[in-house]
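Participant: Right, I'll just put the structure down here and ask away after.
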Amino acid sequence: INDMRVKVSHTGLYTYPDVVIACGDIQFEDAATDTLLTPTVIVEVLSSSTEAYDRGEKFAHCRRLTSLQEYLLVAQDKVRIEHYVRQGDQWILSEISDLNNTLHLAAVDCTIALQEVYDKVQFAESDTPPPSR
């Protein structure tokens with residue numbers, strides 16, 4: 001979604017998620033259809049420069065979107081996905097950090113293997129010292 005942005009009407013924030021899924025009653029700001037008002041799922045890939053904002057201020061804004069049902073934070077330096085799911089007025093967090101696990105997005109009835117999410121990702125060598133002899 002290179003040029004698709006999401007607007008949080010309650011706060012006036014315009015944001016460019018890494019991945020956005022919309023379904024059901026999809027609404028755009030205007031006829032240009034480049035500003036989505038009703039995302040169902042937002043996925044953010046974390047980097048050192050965006051992580052604090054994505055999990056803090058940006059998520060605080062996005063929680064105001066009544067259409068938003070799931071918000072994912074995907075680490076790029078390790079296997080870890082933080083999966084927030086709306087349950088009424090609360091957001092429930094689950095964390096997945098095993099490549100052999102799957103992630104289920106209930107809002108769109110989709111299951112994704114973490115092996116697919118992290119396919120072709122090269123992780124840095126561990127900083128753990130070698131075992132003593």
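Following the order of the structure tokens, first chain is A, next is B, and so on, with residues numbered from 1 inside each chain and ligands from 1 in the order they appear.
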Can you tell me, as a list in words, what residues are no more than 9 Å from Ser97 of chain A when counting only C-alpha atoms, ignoring any on the same chain fewer than 6 positions away?

Facilitator: Lys78, Val79, Arg80, Ile81, Glu82 and Leu114 of chain A

Participant: How would the residues just chosen look if you wrote them out with N, CA, C and O atoms as a JSON list (two decimals), in the first residue's frame?

Facilitator:
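Saved to selection11.json:
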```json
[["chain", "number", "residue", "atom", "x", "y", "z"],
["A", 78, "LYS", "N", 14.09, -10.07, 15.18],
["A", 78, "LYS", "CA", 13.88, -11.34, 15.88],
["A", 78, "LYS", "C", 12.48, -11.82, 15.55],
["A", 78, "LYS", "O", 11.65, -11.06, 15.05],
["A", 79, "VAL", "N", 12.23, -13.09, 15.83],
["A", 79, "VAL", "CA", 10.89, -13.64, 15.61],
["A", 79, "VAL", "C", 10.00, -13.20, 16.77],
["A", 79, "VAL", "O", 10.13, -13.70, 17.89],
["A", 80, "ARG", "N", 9.15, -12.22, 16.51],
["A", 80, "ARG", "CA", 8.20, -11.76, 17.52],
["A", 80, "ARG", "C", 7.13, -10.92, 16.85],
["A", 80, "ARG", "O", 7.41, -9.93, 16.19],
["A", 81, "ILE", "N", 5.90, -11.32, 17.06],
["A", 81, "ILE", "CA", 4.75, -10.54, 16.61],
["A", 81, "ILE", "C", 3.87, -10.30, 17.83],
["A", 81, "ILE", "O", 3.47, -11.24, 18.52],
["A", 82, "GLU", "N", 3.59, -9.03, 18.08],
["A", 82, "GLU", "CA", 2.66, -8.65, 19.14],
["A", 82, "GLU", "C", 1.31, -8.40, 18.47],
["A", 82, "GLU", "O", 1.20, -7.58, 17.57],
["A", 114, "LEU", "N", 4.22, -18.24, 10.84],
["A", 114, "LEU", "CA", 5.32, -17.30, 11.07],
["A", 114, "LEU", "C", 6.49, -17.60, 10.13],
["A", 114, "LEU", "O", 7.23, -16.69, 9.77]]
```

Participant: Can you list, as a PyMOL selection string, every protein, DNA or RNA residue that comes within 12 Å of Ser94 of chain A when you count only C-alpha atoms, leaving out same-chain residues fewer than 6 positions away?

Facilitator: chain A and resi 70-73+80-86+103-105

Participant: Output N, CA and C atoms for every residue in that selection, as a short mmCIF file (atom, residue, chain, number, x, y, z; two decimals), in the first residue's frame.

Facilitator:
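What landed in result25.cif:
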```cif
data_model
loop_
_atom_site.label_atom_id
_atom_site.label_comp_id
_atom_site.auth_asym_id
_atom_site.auth_seq_id
_atom_site.Cartn_x
_atom_site.Cartn_y
_atom_site.Cartn_z
N GLU A 70 -7.86 -5.43 14.82
CA GLU A 70 -6.58 -6.06 15.17
C GLU A 70 -5.44 -5.13 14.76
N TYR A 71 -4.40 -5.12 15.61
CA TYR A 71 -3.23 -4.28 15.38
C TYR A 71 -2.02 -5.15 15.67
N LEU A 72 -1.12 -5.25 14.68
CA LEU A 72 0.04 -6.12 14.83
C LEU A 72 1.33 -5.32 14.75
N LEU A 73 2.26 -5.68 15.64
CA LEU A 73 3.60 -5.12 15.63
C LEU A 73 4.55 -6.26 15.33
N ARG A 80 9.15 -12.22 16.51
CA ARG A 80 8.20 -11.76 17.52
C ARG A 80 7.13 -10.92 16.85
N ILE A 81 5.90 -11.32 17.06
CA ILE A 81 4.75 -10.54 16.61
C ILE A 81 3.87 -10.30 17.83
N GLU A 82 3.59 -9.03 18.08
CA GLU A 82 2.66 -8.65 19.14
C GLU A 82 1.31 -8.40 18.47
N HIS A 83 0.32 -9.15 18.91
CA HIS A 83 -0.99 -9.17 18.26
C HIS A 83 -2.03 -8.62 19.25
N TYR A 84 -2.54 -7.44 18.95
CA TYR A 84 -3.57 -6.82 19.77
C TYR A 84 -4.93 -7.06 19.11
N VAL A 85 -5.89 -7.53 19.90
CA VAL A 85 -7.23 -7.81 19.41
C VAL A 85 -8.23 -7.03 20.26
N ARG A 86 -9.13 -6.32 19.59
CA ARG A 86 -10.18 -5.58 20.29
C ARG A 86 -11.22 -6.56 20.82
N LEU A 103 -0.28 -17.43 13.20
CA LEU A 103 -1.01 -16.26 13.66
C LEU A 103 -2.38 -16.29 13.02
N HIS A 104 -3.42 -16.19 13.85
CA HIS A 104 -4.78 -16.18 13.30
C HIS A 104 -5.37 -14.79 13.43
N LEU A 105 -5.77 -14.23 12.30
CA LEU A 105 -6.45 -12.93 12.27
C LEU A 105 -7.95 -13.22 12.19
#
```

Participant: So which one's closest to Ile112 of chain A, A:Tyr16, A:Gln69, A:Glu51, A:Leu99? Using only C-alpha atoms, please.

Facilitator: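 Closest residue, counting only C-alpha atoms: A:Leu99.
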
Participant: Atom CA of Leu46 of chain A to atom CA of Asp77 of chain A: how many Å, to one decimal?

Facilitator: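 Going from atom CA of Leu46 of chain A over to atom CA of Asp77 of chain A covers 8.7 Å.
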
Participant: Between A:Thr33, A:Ser67, A:Gln27, A:Gln122, single out the one closest to Met4 of chain A, counting only C-alpha atoms.

Facilitator: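 Counting only C-alpha atoms, the residue closest to Met4 of chain A is A:Thr33.
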
Participant: I need the helix (DSSP H, G or I) residues of chain A per DSSP on the backbone, written as JSON, numbers by chain.

Facilitator: {"A": [51, 52, 53, 54, 55, 57, 58, 59, 60, 61, 62, 106, 107, 108, 114, 115, 116, 117]}

Participant: Residues at most 8 Å from His61 of chain A, counting only C-alpha atoms, excluding those fewer than 3 positions away in the same chain, as a PyMOL selection string?

Facilitator: chain A and resi 8+11+13+57-58+64-65

Participant: Residues near Thr66 of chain A, anyone? I mean within 12 Å using only C-alpha atoms, not counting same-chain ones fewer than 4 positions away, as a list of chain:residue names.

Facilitator: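 After dropping sequence-adjacent residues, the list is A:Val8, A:Ser9, A:His10, A:Asp25, A:Leu37, A:Thr38, A:Pro39, A:Thr40, A:Val41, A:His61, A:Cys62, A:Glu70, A:Arg86, A:Gln87, A:Gly88, A:Asp89.
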
Participant: How would the residues just picked look written out with N, CA, C and O atoms as a tab-separated table (two decimals), in the first residue's frame?

Facilitator:
```
chain	number	residue	atom	x	y	z
A	8	VAL	N	-7.39	8.91	10.99
A	8	VAL	CA	-8.13	8.75	12.24
A	8	VAL	C	-8.92	10.04	12.41
A	8	VAL	O	-8.40	11.06	12.86
A	9	SER	N	-10.18	10.00	12.02
A	9	SER	CA	-11.00	11.22	12.00
A	9	SER	C	-11.12	11.88	13.36
A	9	SER	O	-11.11	13.11	13.45
A	10	HIS	N	-11.18	11.11	14.44
A	10	HIS	CA	-11.34	11.67	15.79
A	10	HIS	C	-10.17	12.56	16.19
A	10	HIS	O	-10.33	13.49	16.98
A	25	ASP	N	-17.85	-2.55	5.28
A	25	ASP	CA	-18.23	-1.21	4.83
A	25	ASP	C	-16.98	-0.34	4.70
A	25	ASP	O	-16.62	0.40	5.62
A	37	LEU	N	-10.69	5.29	5.74
A	37	LEU	CA	-11.25	5.68	7.03
A	37	LEU	C	-11.61	4.48	7.91
A	37	LEU	O	-11.79	4.64	9.11
A	38	THR	N	-11.72	3.29	7.30
A	38	THR	CA	-12.25	2.13	8.01
A	38	THR	C	-11.36	0.89	7.89
A	38	THR	O	-11.79	-0.14	7.36
A	39	PRO	N	-10.14	0.94	8.42
A	39	PRO	CA	-9.31	-0.26	8.38
A	39	PRO	C	-9.82	-1.30	9.38
A	39	PRO	O	-10.39	-0.96	10.42
A	40	THR	N	-9.64	-2.57	9.05
A	40	THR	CA	-10.01	-3.66	9.94
A	40	THR	C	-8.78	-4.18	10.68
A	40	THR	O	-8.85	-4.47	11.87
A	41	VAL	N	-7.66	-4.28	9.96
A	41	VAL	CA	-6.40	-4.76	10.54
A	41	VAL	C	-5.29	-3.81	10.09
A	41	VAL	O	-5.24	-3.43	8.92
A	61	HIS	N	-3.73	6.59	18.76
A	61	HIS	CA	-4.62	7.20	17.76
A	61	HIS	C	-5.48	6.12	17.08
A	61	HIS	O	-6.70	6.27	16.97
A	62	CYS	N	-4.84	5.05	16.63
A	62	CYS	CA	-5.56	4.02	15.86
A	62	CYS	C	-6.63	3.32	16.68
A	62	CYS	O	-7.63	2.88	16.12
A	70	GLU	N	-7.86	-5.43	14.82
A	70	GLU	CA	-6.58	-6.06	15.17
A	70	GLU	C	-5.44	-5.13	14.76
A	70	GLU	O	-5.52	-4.45	13.73
A	86	ARG	N	-9.13	-6.32	19.59
A	86	ARG	CA	-10.18	-5.58	20.29
A	86	ARG	C	-11.22	-6.56	20.82
A	86	ARG	O	-11.73	-7.39	20.08
A	87	GLN	N	-11.52	-6.42	22.10
A	87	GLN	CA	-12.62	-7.16	22.72
A	87	GLN	C	-13.44	-6.15	23.51
A	87	GLN	O	-13.07	-5.77	24.62
A	88	GLY	N	-14.48	-5.65	22.86
A	88	GLY	CA	-15.29	-4.59	23.47
A	88	GLY	C	-14.48	-3.31	23.54
A	88	GLY	O	-13.97	-2.84	22.53
A	89	ASP	N	-14.31	-2.78	24.74
A	89	ASP	CA	-13.53	-1.56	24.94
A	89	ASP	C	-12.08	-1.84	25.29
A	89	ASP	O	-11.32	-0.92	25.56
```
